[in-house]
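The file coords22.txt contains compact mmCIF, C-alpha atoms (C1' of nucleotides):
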# COMPACT_ATOMS: atom_id res chain seq x y z
CA MET A 1 -105.21 -171.89 -0.19
CA PRO A 2 -104.78 -174.95 1.99
CA ALA A 3 -101.18 -175.47 2.97
CA LEU A 4 -99.12 -178.27 1.56
CA ASP A 5 -98.79 -179.59 5.10
CA SER A 6 -102.44 -180.47 5.35
CA ILE A 7 -102.69 -181.69 1.77
CA PHE A 8 -99.82 -184.13 2.05
CA HIS A 9 -100.91 -185.16 5.52
CA ALA A 10 -104.36 -185.93 4.17
CA LEU A 11 -102.88 -187.99 1.34
CA ALA A 12 -100.68 -190.00 3.70
CA ASP A 13 -103.53 -192.24 4.85
CA PRO A 14 -104.69 -195.16 2.69
CA THR A 15 -108.30 -194.82 3.83
CA ARG A 16 -108.36 -191.21 2.73
CA ARG A 17 -106.69 -191.98 -0.59
CA ARG A 18 -109.26 -194.67 -1.18
CA ILE A 19 -112.04 -192.21 -0.41
CA LEU A 20 -110.58 -189.85 -2.99
CA THR A 21 -110.55 -192.57 -5.63
CA MET A 22 -114.16 -193.38 -4.81
CA LEU A 23 -115.10 -189.75 -5.27
CA LEU A 24 -113.30 -189.77 -8.58
CA GLU A 25 -116.22 -191.72 -9.98
CA ASP A 26 -118.98 -189.64 -8.53
CA ASP A 27 -120.10 -187.44 -5.67
CA MET A 28 -121.25 -189.45 -2.69
CA ALA A 29 -123.10 -189.02 0.58
CA VAL A 30 -121.17 -189.65 3.78
CA THR A 31 -122.92 -192.90 4.64
CA ASP A 32 -122.25 -194.30 1.20
CA VAL A 33 -118.61 -193.31 1.45
CA ALA A 34 -118.42 -195.16 4.75
CA ASP A 35 -120.13 -198.28 3.44
CA PRO A 36 -117.16 -200.25 2.03
CA PHE A 37 -114.98 -199.59 5.08
CA GLU A 38 -114.81 -201.78 8.15
CA MET A 39 -114.73 -198.80 10.40
CA SER A 40 -117.26 -196.71 12.25
CA LEU A 41 -119.17 -193.95 10.51
CA ALA A 42 -117.67 -191.47 12.95
CA ALA A 43 -114.17 -192.47 11.89
CA ILE A 44 -115.04 -191.87 8.24
CA SER A 45 -116.62 -188.58 9.19
CA LYS A 46 -113.31 -187.56 10.74
CA HIS A 47 -111.41 -188.62 7.63
CA LEU A 48 -113.75 -186.53 5.54
CA GLY A 49 -113.06 -183.63 7.87
CA VAL A 50 -109.35 -184.00 7.26
CA LEU A 51 -109.88 -184.11 3.50
CA THR A 52 -112.16 -181.09 3.66
CA ARG A 53 -109.77 -179.01 5.73
CA ALA A 54 -107.05 -179.91 3.24
CA GLY A 55 -109.31 -178.64 0.48
CA LEU A 56 -109.22 -181.97 -1.30
CA ILE A 57 -112.97 -182.38 -1.11
CA SER A 58 -115.94 -180.19 -0.34
CA GLN A 59 -118.99 -181.17 1.63
CA GLU A 60 -122.36 -179.68 0.83
CA ARG A 61 -125.44 -180.48 2.80
CA ARG A 62 -128.56 -180.97 0.75
CA GLY A 63 -131.54 -182.17 2.67
CA ARG A 64 -130.40 -184.68 5.18
CA LEU A 65 -127.58 -185.91 2.99
CA THR A 66 -124.12 -184.38 2.99
CA TRP A 67 -122.60 -184.70 -0.43
CA CYS A 68 -118.87 -185.12 -0.80
CA LYS A 69 -117.24 -183.83 -3.95
CA LEU A 70 -113.67 -184.11 -5.14
CA GLU A 71 -111.85 -180.76 -5.37
CA PRO A 72 -108.89 -181.35 -7.64
CA GLN A 73 -107.38 -177.91 -7.22
CA ALA A 74 -105.67 -178.82 -3.96
CA LEU A 75 -104.32 -181.98 -5.53
CA LYS A 76 -103.07 -179.87 -8.35
CA ASP A 77 -101.24 -177.59 -5.94
CA ALA A 78 -99.42 -180.54 -4.48
CA SER A 79 -98.77 -182.01 -7.90
CA VAL A 80 -97.39 -178.73 -9.12
CA TRP A 81 -95.12 -178.52 -6.11
CA MET A 82 -93.69 -181.88 -7.01
CA GLN A 83 -93.42 -181.01 -10.66
CA GLY A 84 -91.51 -177.98 -9.48
CA PHE A 85 -88.71 -180.36 -8.69
CA GLY A 86 -88.57 -180.90 -12.42
CA GLN A 87 -86.31 -183.86 -12.01
CA PHE A 88 -88.55 -186.02 -14.12
CA GLU A 89 -90.22 -185.50 -17.41
CA PRO A 90 -93.84 -184.33 -17.80
CA VAL A 91 -96.88 -186.41 -17.09
CA ASP A 92 -96.22 -189.79 -18.46
CA LEU A 93 -99.20 -192.04 -18.40
CA ASP A 94 -96.98 -195.03 -19.01
CA ALA A 95 -95.40 -194.17 -15.71
CA PHE A 96 -98.72 -194.73 -14.04
CA GLU A 97 -98.90 -198.21 -15.47
CA ASP A 98 -95.34 -198.86 -14.40
CA PHE A 99 -96.24 -197.67 -10.96
CA LEU A 100 -99.25 -199.96 -10.75
CA LYS A 101 -97.14 -202.85 -11.95
CA ARG A 102 -94.60 -202.31 -9.22
CA GLU A 103 -97.32 -201.65 -6.67
CA PHE A 104 -98.95 -205.00 -7.36
CA SER A 105 -95.97 -207.19 -8.12
CA GLU A 106 -94.14 -206.36 -4.92
CA PRO A 107 -96.26 -207.33 -1.92
CA ASP A 108 -95.15 -204.16 -0.30
CA SER A 109 -97.56 -202.79 2.25
CA GLU A 110 -101.24 -202.23 1.63
CA GLU A 111 -103.61 -204.54 -0.03
CA ASP A 112 -106.44 -202.78 -1.75
CA VAL A 113 -107.13 -200.13 -4.29
CA THR A 114 -105.65 -196.97 -2.92
CA THR A 115 -104.91 -195.91 -6.44
CA PRO A 116 -107.22 -194.36 -8.97
CA SER A 117 -108.02 -196.37 -12.05
CA PRO A 118 -108.17 -194.09 -15.04
CA LEU A 119 -107.12 -196.93 -17.31
CA PRO A 120 -110.20 -198.05 -19.23
CA MET B 1 -90.92 -199.68 -3.58
CA PRO B 2 -91.69 -197.28 -0.73
CA ALA B 3 -95.41 -197.05 -0.10
CA LEU B 4 -97.35 -193.92 -0.82
CA ASP B 5 -98.11 -193.76 2.89
CA SER B 6 -94.52 -193.07 3.81
CA ILE B 7 -93.89 -190.81 0.85
CA PHE B 8 -96.81 -188.52 1.55
CA HIS B 9 -96.15 -188.65 5.25
CA ALA B 10 -92.57 -187.56 4.62
CA LEU B 11 -93.77 -184.70 2.42
CA ALA B 12 -96.25 -183.49 5.02
CA ASP B 13 -93.60 -181.75 7.12
CA PRO B 14 -92.27 -178.32 6.13
CA THR B 15 -88.80 -179.04 7.51
CA ARG B 16 -88.55 -182.14 5.36
CA ARG B 17 -89.84 -180.36 2.27
CA ARG B 18 -87.29 -177.65 2.84
CA ILE B 19 -84.56 -180.26 3.12
CA LEU B 20 -85.67 -181.70 -0.21
CA THR B 21 -85.48 -178.30 -1.86
CA MET B 22 -82.00 -177.82 -0.44
CA LEU B 23 -80.93 -181.16 -1.87
CA LEU B 24 -82.36 -180.10 -5.20
CA GLU B 25 -79.36 -177.83 -5.58
CA ASP B 26 -76.72 -180.29 -4.56
CA ASP B 27 -75.88 -183.28 -2.42
CA MET B 28 -75.10 -182.32 1.16
CA ALA B 29 -73.61 -183.74 4.31
CA VAL B 30 -75.89 -184.11 7.33
CA THR B 31 -74.32 -181.32 9.35
CA ASP B 32 -74.65 -178.91 6.44
CA VAL B 33 -78.27 -179.90 5.98
CA ALA B 34 -78.88 -179.16 9.65
CA ASP B 35 -77.10 -175.81 9.58
CA PRO B 36 -79.93 -173.45 8.54
CA PHE B 37 -82.44 -175.00 10.94
CA GLU B 38 -82.98 -173.90 14.50
CA MET B 39 -83.24 -177.42 15.69
CA SER B 40 -80.88 -180.02 17.07
CA LEU B 41 -78.74 -182.12 14.79
CA ALA B 42 -80.44 -185.22 16.15
CA ALA B 43 -83.82 -183.89 15.05
CA ILE B 44 -82.53 -183.34 11.53
CA SER B 45 -81.01 -186.78 11.58
CA LYS B 46 -84.44 -188.17 12.35
CA HIS B 47 -86.01 -186.18 9.52
CA LEU B 48 -83.38 -187.54 7.17
CA GLY B 49 -84.28 -191.02 8.39
CA VAL B 50 -87.92 -190.43 7.51
CA LEU B 51 -86.96 -189.16 4.06
CA THR B 52 -84.64 -192.11 3.53
CA ARG B 53 -87.21 -194.70 4.58
CA ALA B 54 -89.66 -193.04 2.20
CA GLY B 55 -87.09 -193.43 -0.54
CA LEU B 56 -87.03 -189.71 -1.21
CA ILE B 57 -83.34 -189.42 -0.47
CA SER B 58 -80.42 -191.78 -0.06
CA GLN B 59 -77.60 -191.50 2.44
CA GLU B 60 -74.13 -192.70 1.62
CA ARG B 61 -71.28 -192.57 4.08
CA ARG B 62 -67.94 -191.50 2.65
CA GLY B 63 -65.21 -190.94 5.13
CA ARG B 64 -66.70 -189.30 8.12
CA LEU B 65 -69.33 -187.47 6.12
CA THR B 66 -72.71 -188.90 5.29
CA TRP B 67 -73.89 -187.54 1.99
CA CYS B 68 -77.57 -187.01 1.34
CA LYS B 69 -78.81 -187.22 -2.21
CA LEU B 70 -82.24 -186.56 -3.67
CA GLU B 71 -83.93 -189.64 -5.11
CA PRO B 72 -86.64 -188.35 -7.43
CA GLN B 73 -88.14 -191.74 -8.26
CA ALA B 74 -90.23 -191.84 -5.07
CA LEU B 75 -91.46 -188.31 -5.75
CA LYS B 76 -92.33 -189.43 -9.20
CA ASP B 77 -94.40 -192.31 -7.84
CA ALA B 78 -96.42 -189.92 -5.77
CA SER B 79 -96.71 -187.45 -8.61
CA VAL B 80 -97.87 -190.16 -10.93
CA TRP B 81 -100.48 -191.25 -8.43
CA MET B 82 -101.87 -187.75 -8.41
CA GLN B 83 -101.69 -187.44 -12.15
CA GLY B 84 -103.68 -190.67 -12.20
CA PHE B 85 -106.59 -188.60 -11.06
CA GLY B 86 -106.32 -186.94 -14.43
CA GLN B 87 -108.71 -184.25 -13.38
CA PHE B 88 -106.30 -181.56 -14.45
CA GLU B 89 -104.26 -181.08 -17.56
CA PRO B 90 -100.60 -182.12 -17.85
CA VAL B 91 -97.70 -180.34 -16.23
CA ASP B 92 -98.36 -176.72 -16.51
CA LEU B 93 -95.45 -174.66 -15.40
CA ASP B 94 -97.63 -171.59 -15.31
CA ALA B 95 -99.53 -173.40 -12.63
CA PHE B 96 -96.43 -173.43 -10.51
CA GLU B 97 -96.17 -169.69 -10.77
CA ASP B 98 -99.85 -169.36 -9.98
CA PHE B 99 -99.28 -171.52 -6.98
CA LEU B 100 -96.40 -169.44 -5.74
CA LYS B 101 -98.44 -166.30 -6.26
CA ARG B 102 -101.27 -167.62 -4.13
CA GLU B 103 -98.82 -169.02 -1.59
CA PHE B 104 -97.25 -165.64 -1.06
CA SER B 105 -100.22 -163.34 -1.46
CA GLU B 106 -102.36 -165.09 1.12
CA PRO B 107 -100.53 -165.10 4.44
CA ASP B 108 -101.78 -168.60 4.93
CA SER B 109 -99.58 -170.66 7.18
CA GLU B 110 -95.86 -171.08 6.82
CA GLU B 111 -93.38 -168.41 6.16
CA ASP B 112 -90.32 -169.60 4.37
CA VAL B 113 -89.21 -171.40 1.28
CA THR B 114 -90.74 -174.82 1.49
CA THR B 115 -91.09 -174.75 -2.27
CA PRO B 116 -88.49 -175.48 -4.88
CA SER B 117 -87.45 -172.66 -7.13
CA PRO B 118 -86.96 -173.93 -10.66
CA LEU B 119 -87.75 -170.49 -12.02
CA PRO B 120 -84.46 -168.93 -13.02
C1' DC C 1 -52.20 -191.75 20.79
C1' DG C 2 -55.59 -188.39 21.85
C1' DA C 3 -58.76 -184.91 20.60
C1' DA C 4 -62.03 -183.01 17.57
C1' DA C 5 -65.59 -183.55 13.98
C1' DC C 6 -69.58 -186.11 12.33
C1' DC C 7 -73.52 -188.62 13.09
C1' DT C 8 -76.72 -191.85 15.41
C1' DC C 9 -78.82 -194.06 19.48
C1' DA C 10 -81.64 -194.18 23.64
C1' DA C 11 -84.58 -192.37 26.82
C1' DC C 12 -87.81 -189.09 27.66
C1' DC C 13 -91.73 -185.60 26.93
C1' DA C 14 -95.84 -183.18 25.04
C1' DT C 15 -98.93 -183.27 21.58
C1' DA C 16 -101.34 -185.17 17.53
C1' DC C 17 -103.45 -189.15 15.20
C1' DG C 18 -106.71 -192.80 14.21
C1' DG C 19 -109.83 -195.38 16.12
C1' DT C 20 -113.92 -196.54 19.47
C1' DT C 21 -118.51 -195.69 21.78
C1' DG C 22 -122.54 -193.11 23.16
C1' DA C 23 -125.09 -188.96 23.10
C1' DA C 24 -126.71 -184.96 20.38
C1' DT C 25 -128.53 -182.64 16.34
C1' DA C 26 -130.81 -182.00 11.90
C1' DT C 27 -133.92 -183.42 8.38
C1' DG C 28 -137.57 -186.11 6.22
C1' DC C 29 -141.62 -189.38 6.32
C1' DT C 30 -146.17 -190.81 7.75
C1' DA D 1 -146.14 -185.10 16.65
C1' DG D 2 -143.17 -188.85 16.51
C1' DC D 3 -139.92 -191.87 14.68
C1' DA D 4 -136.22 -193.29 11.51
C1' DT D 5 -132.25 -191.68 8.83
C1' DA D 6 -127.97 -189.13 8.38
C1' DT D 7 -124.18 -186.95 10.37
C1' DT D 8 -121.45 -184.84 13.84
C1' DC D 9 -119.80 -184.08 18.67
C1' DA D 10 -117.42 -185.39 22.92
C1' DA D 11 -114.84 -188.10 25.68
C1' DC D 12 -111.68 -191.53 25.82
C1' DC D 13 -107.68 -194.77 24.54
C1' DG D 14 -103.32 -196.64 22.61
C1' DT D 15 -99.78 -195.48 19.64
C1' DA D 16 -97.01 -192.45 16.65
C1' DT D 17 -94.74 -188.02 15.87
C1' DG D 18 -91.46 -184.33 16.47
C1' DG D 19 -88.72 -182.41 19.51
C1' DT D 20 -85.07 -182.41 23.49
C1' DT D 21 -80.71 -183.95 25.90
C1' DG D 22 -76.82 -186.83 26.80
C1' DA D 23 -74.00 -190.69 25.78
C1' DG D 24 -71.60 -193.49 22.24
C1' DG D 25 -69.23 -195.01 17.86
C1' DT D 26 -66.28 -193.74 13.68
C1' DT D 27 -63.16 -191.35 11.19
C1' DT D 28 -59.75 -187.86 10.45
C1' DC D 29 -56.00 -184.96 11.94
C1' DG D 30 -52.26 -182.97 14.83
File written out as structure tokens:
Amino acid sequence: MPALDSIFHALADPTRRRILTMLLEDDMAVTDVADPFEMSLAAISKHLGVLTRAGLISQERRGRLTWCKLEPQALKDASVWMQGFGQFEPVDLDAFEDFLKREFSEPDSEEDVTTPSPLP
Amino acid sequence: MPALDSIFHALADPTRRRILTMLLEDDMAVTDVADPFEMSLAAISKHLGVLTRAGLISQERRGRLTWCKLEPQALKDASVWMQGFGQFEPVDLDAFEDFLKREFSEPDSEEDVTTPSPLP
DNA sequence: CGAAACCTCAACCATACGGTTGAATATGCT
DNA sequence: AGCATATTCAACCGTATGGTTGAGGTTTCG
């Protein structure tokens, strides 16, 4: 439903990717999402708007809290688009480790955890 | 090596995604890449620059032609990042068909082929 | 050599992006 | 009712983005 444009655009920001990884653990209220960031609440609210319009999360108001929930379907759309290129073999969890290795060994660009951590 | 920022940013533009799908078929010279677009050559050249800096393609000059070649490793990085979310099951080619179905049934946003076509 | 083909560079423009601050709007608590 | 909490809205600002046009540098070919 949401276009690839908005999905990829949403994923192109490290703050938003980090928000997604936070939501991977559990649903969160907006203020709690904003807590670890050194940025105004309004800025985070905007980021959440971008993620919502991309369909990557949903926001449901319950009481005075607005709960943010990961919506993996949009991510899946984008993932499937990339898989459609078919140039590389199916999901390879080793590849994720490889990726992390390269991400951390080369002091490339960002600093913090903009990557999910499904490795237990 | 290229950060997720630049990869996802590069993927967020329909022109650039379409270029990638074109390069899926074969390597191409810049002018030929630009041909189907209603846009100046300089604009396409810029798009190719974005794709190159993201590591999604490489450009090699041979004679007076500059050949553009798909570089799937960067795509794989991004794909792996998404797979890291692990919320959805491994590569599911049916999902790609589902995606196309939804993409074409709902007159959502874009019009043309910004998706690869690995279905023979 | 000179002209044409191929591509990038530079300057410019309108619009979008990511952030800020301050006011506005719910909702819940006492 | 009244106040604190939670979230968004609105206006603003600097910078980036995606496009244009025109000039410039290589390479090939007649």
Counting all atoms listed in the file, the option among A:Gly84, A:Pro72, A:Pro36, A:Pro14 closest to DG18 (chain C): A:Pro14
Extract, using all atoms listed in the file, all DNA, RNA and protein residues at most 9 Å from region 9-14 of chain C, discarding same-chain residues fewer than 3 positions from it, and format them as a list in words.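 Residues meeting the cut-off are DG19, DT20, DT21, DA23 and DG24 of chain D.
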One-decimal distance in Å that lies between CA of Ala29 (chain A) and C1' of DG2 (chain D):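 Interatomic distance here is 25.6 Å.
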Would you mind listing, as a ChimeraX atom specification, all residues of chain D that have at least one atom within 12 Å of chain B, where only C-alpha atoms (C1' of nucleotides) are what counts? /D:17-22,25-28
Let me make sure I understand: among A:Leu11, A:Val33, A:Ile19, A:Leu48, which one has the smallest atom-to-atom distance to chain B if we use only C-alpha atoms?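 So, comparing all the options, the nearest one is A:Leu11.
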10 Å contacts from chain C to chain B using all atoms listed in the file, as a PDB file with C-alpha atoms (C1' of nucleotides), keeping the file's coordinate frame:
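Heads up, here's the output in result.pdb:
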ATOM      1  C1'  DA C   5     -65.590-183.550  13.980  1.00  0.00           C
ATOM      2  C1'  DC C   6     -69.580-186.110  12.330  1.00  0.00           C
ATOM      3  C1'  DC C   7     -73.520-188.620  13.090  1.00  0.00           C
ATOM      4  C1'  DT C   8     -76.720-191.850  15.410  1.00  0.00           C
ATOM      5  C1'  DC C   9     -78.820-194.060  19.480  1.00  0.00           C
TER       6       DC C   9
END
Which residue gives the smallest distance to Thr15 (chain B) among B:Glu71, B:Ala3, B:Ala34, B:Gly55, with all atoms listed in the file counted? B:Ala34
Taking into account only C-alpha atoms, which residue in the set A:Arg53, A:Arg16, A:Lys69, A:Lys76 is nearest to chain B?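 With only C-alpha atoms as the atom set, the closest residue is A:Lys76.
Put simply, CA of Cys68 (chain A) is 22.8 Å away from C1' of DA4 (chain D).
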